[in-house]
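Undergrad: For reference, the file upload_16.txt (compact mmCIF, C-alpha atoms and all ligand atoms) is included below:
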# COMPACT_ATOMS: atom_id res chain seq x y z
CA MET D 2 139.73 -22.20 147.03
CA SER D 3 139.44 -21.35 143.37
CA VAL D 4 142.48 -21.77 141.08
CA GLY D 5 142.81 -20.66 137.47
CA ILE D 6 143.79 -17.96 135.01
CA ASP D 7 144.38 -14.53 136.52
CA ASP D 8 145.69 -12.63 133.48
CA ILE D 9 146.25 -13.53 129.82
CA SER D 10 147.86 -11.91 126.77
CA PHE D 11 148.90 -12.99 123.28
CA TYR D 12 151.23 -11.89 120.51
CA SER D 13 151.70 -12.69 116.84
CA SER D 14 154.29 -11.52 114.35
CA GLY D 15 154.11 -7.98 112.93
CA MET D 16 153.58 -9.38 109.42
CA PHE D 17 150.78 -11.32 107.78
CA LEU D 18 149.78 -12.82 104.45
CA PRO D 19 146.15 -12.42 103.32
CA LEU D 20 144.88 -15.87 102.35
CA ALA D 21 143.28 -14.26 99.28
CA THR D 22 146.86 -13.55 98.09
CA LEU D 23 147.83 -17.17 98.69
CA ALA D 24 144.70 -18.40 96.90
CA GLU D 25 145.49 -16.23 93.88
CA HIS D 26 149.04 -17.55 93.71
CA ASN D 27 147.93 -21.19 94.18
CA GLY D 28 145.12 -20.87 91.64
CA GLU D 29 142.48 -21.64 94.29
CA ASP D 30 139.09 -20.00 94.84
CA PRO D 31 139.63 -17.55 97.79
CA ASP D 32 136.36 -18.85 99.27
CA LYS D 33 138.00 -22.22 99.84
CA TYR D 34 140.18 -20.54 102.47
CA ARG D 35 137.74 -17.84 103.65
CA ILE D 36 134.68 -20.09 103.94
CA GLY D 37 135.96 -23.66 103.45
CA ILE D 38 138.55 -23.52 106.25
CA GLY D 39 137.40 -20.22 107.78
CA GLN D 40 140.67 -18.28 107.65
CA ASN D 41 141.42 -14.73 106.45
CA ARG D 42 145.10 -14.16 107.22
CA MET D 43 148.14 -15.94 108.58
CA GLY D 44 150.92 -14.56 110.75
CA VAL D 45 154.39 -14.78 109.18
CA PRO D 46 157.44 -14.50 111.45
CA ALA D 47 160.25 -12.07 110.63
CA GLN D 48 163.81 -13.42 110.38
CA ASP D 49 164.61 -12.01 113.80
CA GLU D 50 161.63 -13.67 115.52
CA ASP D 51 161.36 -17.15 117.00
CA ILE D 52 159.34 -18.89 119.70
CA VAL D 53 161.31 -17.09 122.43
CA THR D 54 160.69 -13.57 121.12
CA LEU D 55 157.02 -14.34 120.42
CA ALA D 56 156.63 -15.76 123.94
CA ALA D 57 158.48 -12.91 125.68
CA ASN D 58 156.39 -10.36 123.76
CA ALA D 59 153.18 -12.18 124.80
CA ALA D 60 154.20 -12.38 128.46
CA ARG D 61 155.72 -8.90 128.87
CA PRO D 62 152.42 -7.08 129.66
CA LEU D 63 151.66 -9.58 132.46
CA ILE D 64 154.82 -9.03 134.49
CA ASN D 65 155.06 -6.29 137.11
CA ASP D 66 156.89 -5.55 140.36
CA GLU D 67 154.07 -7.16 142.32
CA ASN D 68 154.22 -10.61 140.71
CA ARG D 69 157.87 -10.78 139.51
CA GLU D 70 159.09 -12.59 142.64
CA LYS D 71 155.85 -14.55 143.22
CA ILE D 72 156.21 -16.47 139.95
CA THR D 73 158.01 -19.60 141.08
CA THR D 74 157.50 -21.69 137.95
CA VAL D 75 157.65 -20.96 134.21
CA LEU D 76 156.17 -23.65 131.95
CA PHE D 77 156.96 -23.22 128.24
CA ALA D 78 154.76 -25.23 125.86
CA THR D 79 155.94 -25.61 122.27
CA GLU D 80 156.44 -27.99 119.37
CA SER D 81 158.82 -25.60 117.56
CA SER D 82 161.67 -26.09 120.01
CA ILE D 83 164.98 -24.31 119.31
CA ASP D 84 167.19 -26.55 121.43
CA GLN D 85 167.26 -30.23 122.37
CA SER D 86 168.47 -29.47 125.87
CA LYS D 87 167.82 -25.96 127.12
CA ALA D 88 164.23 -24.92 127.89
CA ALA D 89 163.19 -21.86 125.86
CA GLY D 90 161.55 -20.50 129.02
CA VAL D 91 164.96 -19.82 130.57
CA TYR D 92 165.54 -17.07 127.98
CA VAL D 93 162.07 -15.70 128.72
CA GLN D 94 162.79 -15.70 132.46
CA ARG D 95 165.85 -13.48 131.86
CA LEU D 96 164.22 -11.23 129.26
CA LEU D 97 161.32 -10.51 131.62
CA GLY D 98 163.53 -10.08 134.70
CA LEU D 99 161.80 -12.84 136.68
CA GLY D 100 163.31 -13.91 140.00
CA SER D 101 166.04 -16.54 139.99
CA ASN D 102 164.32 -18.78 142.57
CA CYS D 103 162.17 -20.17 139.82
CA ARG D 104 161.85 -23.57 138.12
CA VAL D 105 161.65 -23.46 134.33
CA VAL D 106 160.81 -26.36 132.02
CA GLU D 107 159.63 -26.95 128.45
CA LEU D 108 156.72 -29.25 127.58
CA LYS D 109 155.92 -30.98 124.30
CA GLN D 110 152.92 -32.86 122.90
CA ALA D 111 152.00 -31.16 119.63
CA CYS D 112 149.30 -28.53 120.15
CA TYR D 113 148.19 -29.99 123.49
CA SER D 114 151.04 -29.24 125.92
CA ALA D 115 149.84 -25.85 127.22
CA THR D 116 146.87 -27.68 128.71
CA ALA D 117 149.16 -30.12 130.49
CA ALA D 118 150.99 -27.02 131.76
CA LEU D 119 147.71 -25.49 132.98
CA GLN D 120 146.71 -28.65 134.87
CA MET D 121 150.19 -28.94 136.43
CA ALA D 122 150.09 -25.27 137.41
CA CYS D 123 146.66 -25.70 139.05
CA GLY D 124 148.14 -28.59 141.06
CA LEU D 125 151.13 -26.50 142.19
CA VAL D 126 148.91 -23.59 143.24
CA ALA D 127 146.42 -25.89 145.04
CA ARG D 128 149.34 -27.27 147.07
CA LYS D 129 150.83 -23.86 147.86
CA PRO D 130 148.34 -21.03 147.23
CA SER D 131 150.92 -18.24 147.60
CA VAL D 132 152.74 -19.21 144.38
CA GLN D 133 152.02 -18.06 140.84
CA VAL D 134 152.87 -19.93 137.64
CA LEU D 135 153.62 -18.29 134.29
CA ILE D 136 152.63 -20.41 131.30
CA VAL D 137 153.78 -19.47 127.82
CA ALA D 138 152.80 -21.38 124.69
CA SER D 139 154.55 -20.35 121.50
CA ASP D 140 154.75 -21.89 118.05
CA ILE D 141 155.43 -21.33 114.36
CA ALA D 142 153.28 -23.60 112.16
CA ARG D 143 154.99 -24.65 108.93
CA TYR D 144 153.75 -27.17 106.36
CA GLY D 145 155.67 -26.00 103.31
CA PHE D 146 154.84 -24.39 99.99
CA ASP D 147 152.18 -25.91 97.73
CA THR D 148 151.02 -28.43 100.32
CA PRO D 149 147.37 -28.78 101.45
CA GLY D 150 148.44 -27.56 104.89
CA GLU D 151 149.98 -24.34 103.54
CA ALA D 152 146.84 -22.27 104.14
CA THR D 153 146.77 -23.46 107.78
CA GLN D 154 150.20 -22.10 108.73
CA GLY D 155 150.64 -19.20 111.15
CA CYS D 156 152.50 -18.16 114.28
CA GLY D 157 151.68 -16.86 117.72
CA ALA D 158 152.24 -17.05 121.45
CA VAL D 159 149.99 -16.76 124.46
CA ALA D 160 150.99 -16.18 128.08
CA PHE D 161 148.91 -16.53 131.21
CA ILE D 162 149.32 -16.49 134.95
CA VAL D 163 147.80 -19.24 137.06
CA LYS D 164 147.11 -18.37 140.70
CA ALA D 165 144.69 -18.77 143.58
CA GLU D 166 141.49 -16.68 143.49
CA PRO D 167 142.03 -15.75 139.82
CA ARG D 168 140.43 -12.65 138.30
CA LEU D 169 139.45 -14.20 134.93
CA LEU D 170 138.73 -17.90 134.99
CA SER D 171 138.34 -20.51 137.70
CA VAL D 172 139.36 -23.91 136.29
CA HIS D 173 137.25 -26.90 137.41
CA ALA D 174 138.89 -30.03 138.79
CA GLU D 175 136.84 -32.33 136.50
CA ASN D 176 138.47 -33.17 133.19
CA GLY D 177 138.51 -35.89 130.55
CA CYS D 178 141.54 -37.13 128.61
CA TYR D 179 142.09 -39.33 125.58
CA SER D 180 145.42 -40.51 124.17
CA GLU D 181 146.17 -42.80 121.25
CA ASP D 182 149.38 -43.57 119.33
CA VAL D 183 148.45 -42.36 115.83
CA MET D 184 150.39 -40.78 112.96
CA ASP D 185 148.10 -37.95 111.88
CA PHE D 186 150.72 -35.19 112.16
CA TRP D 187 154.34 -35.25 113.30
CA ARG D 188 157.70 -33.56 112.69
CA PRO D 189 160.89 -35.65 112.92
CA ASN D 190 163.90 -33.79 114.37
CA TYR D 191 165.51 -33.53 110.94
CA MET D 192 162.60 -31.63 109.39
CA ASP D 193 161.49 -27.98 109.51
CA THR D 194 157.99 -28.67 108.21
CA ALA D 195 155.35 -30.98 109.63
CA LEU D 196 154.30 -34.24 108.00
CA VAL D 197 150.55 -34.55 108.05
CA ASP D 198 147.75 -36.77 106.83
CA GLY D 199 145.32 -33.85 106.72
CA LYS D 200 141.95 -35.55 106.30
CA TYR D 201 142.89 -38.31 108.76
CA SER D 202 143.98 -35.65 111.29
CA THR D 203 140.52 -34.06 111.26
CA ILE D 204 138.90 -37.48 111.86
CA ILE D 205 141.23 -38.23 114.77
CA TYR D 206 140.64 -34.75 116.22
CA LEU D 207 136.88 -35.45 116.32
CA LYS D 208 137.39 -38.92 117.77
CA ALA D 209 139.60 -37.47 120.53
CA LEU D 210 136.89 -34.87 121.22
CA ARG D 211 134.18 -37.54 121.61
CA GLN D 212 136.35 -39.72 123.83
CA SER D 213 137.59 -36.81 125.99
CA TRP D 214 134.02 -35.59 126.43
CA LYS D 215 132.91 -39.09 127.47
CA ASN D 216 135.73 -39.24 130.01
CA TYR D 217 134.85 -35.72 131.24
CA GLN D 218 131.24 -36.86 131.76
CA GLU D 219 132.43 -39.97 133.64
CA ALA D 220 134.49 -37.65 135.88
CA GLY D 221 131.33 -35.75 136.88
CA GLY D 222 131.73 -32.84 134.46
CA LEU D 223 128.96 -30.40 133.54
CA SER D 224 126.36 -31.35 130.93
CA PHE D 225 126.37 -29.84 127.42
CA GLY D 226 123.44 -27.62 128.41
CA GLU D 227 125.19 -26.29 131.52
CA LEU D 228 128.08 -24.94 129.42
CA SER D 229 127.34 -21.51 127.88
CA ARG D 230 130.38 -21.17 125.62
CA PHE D 231 132.93 -23.53 124.10
CA CYS D 232 136.54 -23.03 123.00
CA TYR D 233 138.31 -25.54 120.77
CA HIS D 234 141.84 -26.04 119.54
CA LEU D 235 141.72 -24.12 116.25
CA PRO D 236 144.08 -25.34 113.50
CA PHE D 237 141.64 -23.34 111.37
CA THR D 238 138.33 -21.91 112.57
CA LYS D 239 136.14 -24.26 110.51
CA MET D 240 137.58 -27.14 112.57
CA GLY D 241 136.10 -25.53 115.70
CA GLU D 242 132.70 -25.28 114.00
CA LYS D 243 132.85 -28.93 112.94
CA ALA D 244 133.89 -29.96 116.43
CA HIS D 245 131.05 -28.07 118.06
CA ARG D 246 128.44 -29.52 115.72
CA LYS D 247 129.83 -33.01 116.45
CA LEU D 248 129.68 -32.46 120.22
CA ALA D 249 126.09 -31.23 119.94
CA VAL D 250 125.05 -34.33 117.96
CA THR D 251 126.86 -36.55 120.48
CA ASN D 252 124.65 -35.00 123.14
CA GLY D 253 121.44 -35.29 121.13
CA GLU D 254 121.29 -31.50 120.60
CA THR D 255 120.59 -29.56 117.43
CA MET D 256 122.93 -26.77 116.35
CA ASP D 257 121.64 -24.09 113.99
CA GLU D 258 123.81 -21.18 112.76
CA ALA D 259 122.55 -18.73 115.41
CA ARG D 260 123.29 -21.11 118.29
CA LEU D 261 126.68 -21.99 116.81
CA GLU D 262 127.58 -18.29 116.55
CA GLN D 263 126.42 -17.62 120.11
CA GLN D 264 128.30 -20.57 121.62
CA ILE D 265 131.64 -20.37 119.78
CA GLY D 266 131.59 -17.34 117.39
CA ALA D 267 133.40 -14.74 119.54
CA GLY D 268 136.21 -17.20 120.18
CA LEU D 269 137.12 -17.48 116.51
CA HIS D 270 137.99 -13.83 115.68
CA TYR D 271 141.70 -13.70 116.51
CA ASN D 272 142.61 -17.14 115.16
CA ARG D 273 141.00 -16.24 111.81
CA GLN D 274 143.62 -13.44 111.56
CA ILE D 275 146.64 -15.37 112.86
CA GLY D 276 146.30 -18.93 111.56
CA ASN D 277 147.41 -22.00 113.47
CA SER D 278 149.61 -21.17 116.42
CA TYR D 279 149.67 -24.83 117.55
CA SER D 280 150.08 -24.91 121.38
CA ALA D 281 148.84 -21.31 121.74
CA SER D 282 145.78 -21.72 119.54
CA LEU D 283 143.17 -22.86 122.11
CA TYR D 284 144.16 -20.10 124.52
CA ILE D 285 144.22 -17.34 121.88
CA GLY D 286 140.68 -18.54 121.16
CA LEU D 287 139.88 -18.18 124.86
CA VAL D 288 141.20 -14.58 124.85
CA SER D 289 139.09 -13.92 121.76
CA LEU D 290 135.99 -15.20 123.54
CA LEU D 291 136.54 -13.17 126.71
CA GLU D 292 137.30 -9.98 124.76
CA ASN D 293 134.74 -10.18 121.97
CA ASP D 294 131.59 -11.82 123.33
CA ALA D 295 128.87 -9.16 123.49
CA GLU D 296 127.25 -10.76 126.54
CA ASP D 297 128.56 -10.43 130.08
CA LEU D 298 129.93 -13.93 130.71
CA SER D 299 130.39 -13.45 134.48
CA GLY D 300 129.47 -16.65 136.29
CA LYS D 301 128.99 -18.59 133.06
CA HIS D 302 130.63 -21.97 132.55
CA ILE D 303 132.72 -22.61 129.46
CA GLY D 304 133.96 -25.89 127.98
CA LEU D 305 137.44 -26.15 126.49
CA PHE D 306 138.82 -28.84 124.21
CA SER D 307 142.57 -29.12 123.77
CA TYR D 308 143.98 -31.36 121.02
CA GLY D 309 147.51 -32.28 120.04
CA SER D 310 148.15 -34.62 117.15
CA GLY D 311 149.81 -37.89 117.79
CA CYS D 312 147.50 -37.73 119.84
CA VAL D 313 146.29 -36.35 123.18
CA GLY D 314 142.94 -34.65 123.76
CA GLU D 315 141.53 -33.12 126.93
CA PHE D 316 138.12 -31.64 127.66
CA PHE D 317 137.83 -29.46 130.74
CA SER D 318 135.69 -26.59 131.99
CA ALA D 319 135.99 -23.30 133.81
CA THR D 320 133.84 -20.48 135.23
CA VAL D 321 134.25 -16.88 134.11
CA GLN D 322 134.85 -14.65 137.11
CA PRO D 323 132.69 -11.57 137.87
CA GLY D 324 134.47 -8.38 136.81
CA TYR D 325 136.69 -10.17 134.26
CA LYS D 326 136.11 -7.41 131.68
CA THR D 327 137.97 -4.91 133.88
CA PHE D 328 141.20 -6.77 133.15
CA SER D 329 140.74 -7.08 129.40
CA ARG D 330 143.70 -6.33 127.13
CA ARG D 331 141.43 -6.04 124.09
CA ALA D 332 142.62 -2.62 122.90
CA ALA D 333 146.28 -3.70 122.85
CA HIS D 334 145.45 -6.98 121.08
CA ILE D 335 143.33 -5.31 118.40
CA ASP D 336 146.01 -2.64 117.88
CA MET D 337 148.71 -5.33 117.52
CA LEU D 338 146.67 -7.21 114.90
CA GLU D 339 145.60 -4.10 112.99
CA THR D 340 149.05 -2.52 112.73
CA ARG D 341 150.66 -5.61 111.21
CA GLN D 342 152.35 -5.17 107.85
CA GLU D 343 150.70 -6.92 104.89
CA LEU D 344 153.02 -9.08 102.78
CA ASP D 345 152.72 -9.91 99.11
CA TYR D 346 153.33 -13.50 97.99
CA GLU D 347 157.04 -12.92 97.30
CA GLY D 348 157.54 -11.34 100.74
CA TYR D 349 155.86 -14.32 102.42
CA ALA D 350 157.80 -16.85 100.33
CA SER D 351 161.10 -15.19 101.17
CA LEU D 352 160.39 -15.06 104.93
CA PHE D 353 158.88 -18.53 105.16
CA SER D 354 161.82 -20.10 103.35
CA HIS D 355 164.01 -18.74 106.12
CA THR D 356 164.39 -21.37 108.83
CA SER D 357 166.75 -21.35 111.78
CA PRO D 358 170.35 -21.78 110.49
CA LYS D 359 171.81 -25.25 111.05
CA ASP D 360 175.36 -24.66 109.83
CA GLY D 361 176.77 -23.63 113.20
CA GLY D 362 178.00 -20.35 111.69
CA GLU D 363 177.74 -16.71 112.71
CA HIS D 364 174.41 -15.13 111.77
CA TYR D 365 173.10 -11.62 112.38
CA PHE D 366 169.57 -10.65 111.38
CA ALA D 367 168.22 -7.36 110.07
CA GLU D 368 165.86 -5.61 112.47
CA GLU D 369 162.36 -6.50 111.24
CA ALA D 370 160.54 -7.61 114.40
CA ALA D 371 157.67 -5.36 115.46
CA GLY D 372 157.55 -6.46 119.11
CA HIS D 373 159.72 -5.51 122.07
CA PHE D 374 162.18 -8.41 121.81
CA ARG D 375 164.11 -9.77 118.84
CA LEU D 376 166.61 -12.44 117.93
CA ALA D 377 169.64 -10.34 116.97
CA GLY D 378 171.76 -13.26 115.83
CA ILE D 379 173.50 -16.52 116.58
CA HIS D 380 177.11 -16.38 117.72
CA ASP D 381 179.25 -19.32 118.82
CA HIS D 382 176.11 -21.56 118.70
CA LYS D 383 174.38 -19.20 121.17
CA ARG D 384 171.23 -17.24 120.44
CA ILE D 385 171.46 -13.52 121.16
CA TYR D 386 168.18 -11.92 122.22
CA THR D 387 167.92 -8.16 122.55
CA GLU D 388 165.30 -5.47 122.88
CA VAL D 389 164.28 -3.82 119.60
CA GLY D 390 166.43 -0.76 118.95
CA GLU D 391 169.19 -2.00 121.28
P1 LIG D 401 142.37 -29.57 101.42
O1 LIG D 401 142.33 -31.02 101.17
O2 LIG D 401 143.18 -28.75 100.48
O3 LIG D 401 140.96 -28.91 101.45
O4 LIG D 401 142.94 -29.34 102.89
P2 LIG D 401 139.53 -29.50 101.05
O5 LIG D 401 139.50 -29.82 99.62
O6 LIG D 401 139.14 -30.59 102.03
O7 LIG D 401 138.65 -28.21 101.34
C1 LIG D 401 138.54 -27.72 102.64
C2 LIG D 401 137.09 -27.31 102.84
O8 LIG D 401 136.83 -26.20 101.98
C3 LIG D 401 136.07 -28.39 102.46
O9 LIG D 401 135.00 -28.29 103.37
C4 LIG D 401 135.59 -27.95 101.09
O10 LIG D 401 134.29 -28.39 100.77
C5 LIG D 401 135.64 -26.44 101.23
P3 LIG D 401 134.59 -29.56 104.29
O11 LIG D 401 134.26 -30.65 103.37
O12 LIG D 401 135.83 -29.89 105.11
O13 LIG D 401 133.48 -29.04 105.12
N1 LIG D 401 135.74 -25.71 99.98
C6 LIG D 401 135.07 -24.57 99.72
N2 LIG D 401 134.18 -23.87 100.45
C7 LIG D 401 133.67 -22.73 99.91
N3 LIG D 401 133.99 -22.29 98.65
C8 LIG D 401 134.87 -22.97 97.91
C9 LIG D 401 135.45 -24.17 98.42
N4 LIG D 401 136.35 -25.06 97.96
C10 LIG D 401 136.51 -26.00 98.91
N5 LIG D 401 135.18 -22.52 96.68
C11 LIG D 401 143.11 -29.70 105.24
C12 LIG D 401 142.23 -29.19 104.09
C13 LIG D 401 142.53 -29.24 106.57
C14 LIG D 401 143.15 -31.23 105.22
C15 LIG D 401 144.53 -29.12 105.06
O14 LIG D 401 144.52 -27.73 105.15
C16 LIG D 401 145.54 -29.68 106.04
O15 LIG D 401 146.11 -30.75 105.86
N6 LIG D 401 145.86 -28.91 107.14
C17 LIG D 401 146.80 -29.32 108.16
C18 LIG D 401 146.25 -30.36 109.11
C19 LIG D 401 145.19 -29.81 110.04
O16 LIG D 401 145.08 -28.62 110.26
N7 LIG D 401 144.43 -30.73 110.68
C20 LIG D 401 143.41 -30.34 111.63
C21 LIG D 401 143.13 -31.42 112.68
S1 LIG D 401 144.64 -31.97 113.46
C22 LIG D 401 145.04 -30.67 114.56
O17 LIG D 401 144.25 -29.80 114.80
C23 LIG D 401 146.42 -30.67 115.14
C24 LIG D 401 147.38 -29.66 114.53
O18 LIG D 401 147.09 -28.36 115.01
C25 LIG D 401 148.82 -30.04 114.83
C26 LIG D 401 149.23 -30.28 116.29
O19 LIG D 401 148.52 -30.83 117.10
O20 LIG D 401 150.40 -29.97 116.56
C27 LIG D 401 147.27 -29.63 113.02
Rewrite the coordinates I just gave you, this time as structure tokens.

TA:
Amino acid sequence: MSVGIDDISFYSSGMFLPLATLAEHNGEDPDKYRIGIGQNRMGVPAQDEDIVTLAANAARPLINDENREKITTVLFATESSIDQSKAAGVYVQRLLGLGSNCRVVELKQACYSATAALQMACGLVARKPSVQVLIVASDIARYGFDTPGEATQGCGAVAFIVKAEPRLLSVHAENGCYSEDVMDFWRPNYMDTALVDGKYSTIIYLKALRQSWKNYQEAGGLSFGELSRFCYHLPFTKMGEKAHRKLAVTNGETMDEARLEQQIGAGLHYNRQIGNSYSASLYIGLVSLLENDAEDLSGKHIGLFSYGSGCVGEFFSATVQPGYKTFSRRAAHIDMLETRQELDYEGYASLFSHTSPKDGGEHYFAEEAAGHFRLAGIHDHKRIYTEVGE
């Protein structure tokens, strides 16, 4: 029996900052961001958006009367948690009208946890093939103004359904993991922005890739040559290019520009427009690959590398299912990205200085969100989620 991803959708905020605008304000050459890190824009959340609204907006197109009661588990991956106790997925379960006979939990390990969710979901489905699992990964990446990480901020959520005999991607049982206790990037509970040793983090990322690949090979995984396409965790798209070159060298392969473009290029499009979406990033890259690769990928094997600072890495593989293009949500995704509102520097600075209130007071937010769901306010320490226009 094959188990894997049956349907997938993503969402980012309705507002973005061009990185050329940020470069101008910071007195940097725009090519440092456009070419040096490979980013064009970054998603900026409105005041009435958070990880729950981003996630619910990403998942909404996937839910219908046919699967509503079959989804028996919701796994919510995030490192931008809004509560120390309650899983953000419980709000999503209500907003999407999912059945109440459903387990809901939140998972954390920096940008990696959606992959843990995927592996757990595959296990649940393998044990009981009638069930379906909804995975949502949602994050807002913040490093702070005038920091080296500022150009690698962003926000986004991805949602996918894991089931038996999936229509998009069959996930292979072979995988390779690597974990090490390192301080490359972290965010203590008392901080809104991440602490990061940027250069060190890129070195650790590549080390985790090499070690995860080695472990994947030891587990009987496919060879480099058997994999047609590769998706990487994308804090910025240049990191994916560096990772792929490194993996090629590790395998004694050469990697010219044309081969690099063919093997990873289509997977970079959306992330270049959104920025880092932490736990969602690898899977938004996967959507980008499936929707933008000019070739028919049916039957082709793809390699995926998930990385979360701190750190945990995992390399795994999957096979694209025949007919996958029939279920593409490309038009909706392109429309969502193209209809976003462009911000000037002041607009970005004002929105990004807004963080979730911590004073325990009453807060009501102006309606700015472009998606279907919004955070209307906080009352009596409780978050109030509504539909836009409600
Ligand atoms: P920086 O130090 O400001 O940038 O920050 P730089 O000086 O290293 O320049 C970046 C690149 O642009 C360099 O290329 C320059 O040569 C080039 P490279 O040497 O790397 O190939 N460059 C130019 N290119 C063309 N024209 C120009 C030009 N000028 C310079 N005019 C850094 C870069 C990534 C360190 C910073 O943005 C940062 O700290 N970001 C946050 C950390 C991060 O994203 N780390 C990635 C690995 S860790 C990870 O992925 C996990 C994470 O997602 C978190 C999680 O797991 O939760 C972050």

Undergrad: Which polymer residues have any atom within 8 Å of an atom of D:Ala56, counting all atoms listed in the file, with same-chain residues fewer than 5 positions away left out, as a list of chain:residue names?

TA: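 Contacts, with the query itself left out: D:Tyr12, D:Val93, D:Val137, D:Ala138, D:Ser139, D:Ala158, D:Val159, D:Ala160.
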
Undergrad: From the options D:Val288, D:Val126, D:Ala47, D:Val313, which residue's atoms come nearest to ligand LIG 401 (chain D), counting all atoms listed in the file?

TA: D:Val313

Undergrad: Report, in Å to a single decimal, how far apart atom CA of D:Ser289 and atom CA of D:Leu269 are.

TA: 6.6 Å

Undergrad: For stretch 357-368 of chain D, list every protein, DNA or RNA residue within 10 Å, evaluated using only C-alpha atoms, and leave out those in the same chain fewer than 6 positions away; present the list as a list of chain:residue names.

TA: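 Neighbouring residues, sequence-local ones excluded: D:Ala47, D:Gln48, D:Asp49, D:Glu50, D:Asp51, D:Ile83, D:Asp193, D:Arg375, D:Leu376, D:Ala377, D:Gly378, D:Ile379, D:His380, D:Asp381, D:His382, D:Lys383, D:Arg384, D:Ile385, D:Val389, D:Gly390.
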
Undergrad: Quick one: what's the axis-aligned box for ligand LIG 401 (chain D), all listed atoms, 6 Å on every side, centre and edges in Å to one decimal, as AutoDock Vina command-line options?

TA:
--center_x 141.9 --center_y -27.1 --center_z 106.9 --size_x 28.9 --size_y 21.7 --size_z 32.4

Undergrad: I'd like the interatomic distance between atom CA of D:Thr387 and atom CA of D:Pro62, to a tenth of an Å.

TA: 17.1 Å

Undergrad: Of the candidates D:Pro189, D:Gly155, D:Gly37, D:Gly100, which shows the shortest atom-to-atom distance to ligand LIG 401 (chain D), using all atoms listed in the file?

TA: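 For ligand LIG 401 (chain D), the nearest of the given residues is D:Gly37.
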
Undergrad: As a short mmCIF file (atom, residue, chain, number, x, y, z; two decimals) with C-alpha atoms, keeping the file's coordinate frame, please: the residues near D:Thr203 (cut-off 10 Å, only C-alpha atoms, same-chain neighbours under 3 positions excluded).

TA:
data_model
loop_
_atom_site.label_atom_id
_atom_site.label_comp_id
_atom_site.auth_asym_id
_atom_site.auth_seq_id
_atom_site.Cartn_x
_atom_site.Cartn_y
_atom_site.Cartn_z
CA ASP D 185 148.10 -37.95 111.88
CA ASP D 198 147.75 -36.77 106.83
CA GLY D 199 145.32 -33.85 106.72
CA LYS D 200 141.95 -35.55 106.30
CA TYR D 206 140.64 -34.75 116.22
CA LEU D 207 136.88 -35.45 116.32
CA LYS D 208 137.39 -38.92 117.77
CA ALA D 209 139.60 -37.47 120.53
CA PRO D 236 144.08 -25.34 113.50
CA MET D 240 137.58 -27.14 112.57
CA LYS D 243 132.85 -28.93 112.94
CA ALA D 244 133.89 -29.96 116.43
CA SER D 310 148.15 -34.62 117.15
#

Undergrad: As number ranges by chain, please: the residues near D:Ser229 (cut-off 10 Å, all atoms listed in the file, same-chain neighbours under 4 positions excluded).

TA: D: 225, 263-265, 298, 300-304, 320

Undergrad: Just checking: using only C-alpha atoms, which residue out of D:Leu305, D:Ala24, D:Leu76, D:Met184 ends up closest to D:Tyr217?

TA: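 Smallest distance to D:Tyr217 is found for D:Leu305.
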
Undergrad: Identify the residues around (163.8, -32.2, 122.6) within a radius of 12 Å, measuring from all atoms listed in the file in the coordinates stated by the file, and give them as a ChimeraX atom specification.

TA: /D:78-89,106-110,188-191

Undergrad: What's around D:Gln218 at 12 Å? Count all atoms listed in the file, leave out sequence neighbours fewer than 2 positions away in its own chain, and write the answer as a list in words.

TA: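 Answer for this query is Glu175, Asn176, Gly177, Cys178, Arg211, Gln212, Ser213, Trp214, Lys215, Asn216, Ala220, Gly221, Gly222, Leu223, Ser224, Phe225, Asn252, Gly304, Glu315, Phe316, Phe317 and Ser318 of chain D.
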
Undergrad: Restricting the calculation to all atoms listed in the file, which member of D:Gly157, D:Gly268, D:Pro149, D:Gly324 is positioned closest to D:Gly15?

TA: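 Closest to D:Gly15 of all the choices is D:Gly157.
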
Undergrad: Calculate how many Å separate atom N7 of ligand LIG 401 (chain D) from atom CA of D:Arg143, rounding to one decimal.

TA: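 Atom-to-atom, atom N7 of ligand LIG 401 (chain D) and atom CA of D:Arg143 are spaced 12.3 Å apart.
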
Undergrad: Hey, which of D:Leu96, D:Ala319, D:Cys312, D:Val53 ends up closest to D:Ser202? Count only C-alpha atoms.

TA: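 Ranking D:Leu96, D:Ala319, D:Cys312, D:Val53 by distance to D:Ser202, first place goes to D:Cys312.
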
Undergrad: Nearest residue to ligand LIG 401 (chain D) out of D:Lys239, D:Lys326, D:Arg341, D:Lys164, using only C-alpha atoms and all ligand atoms?

TA: D:Lys239
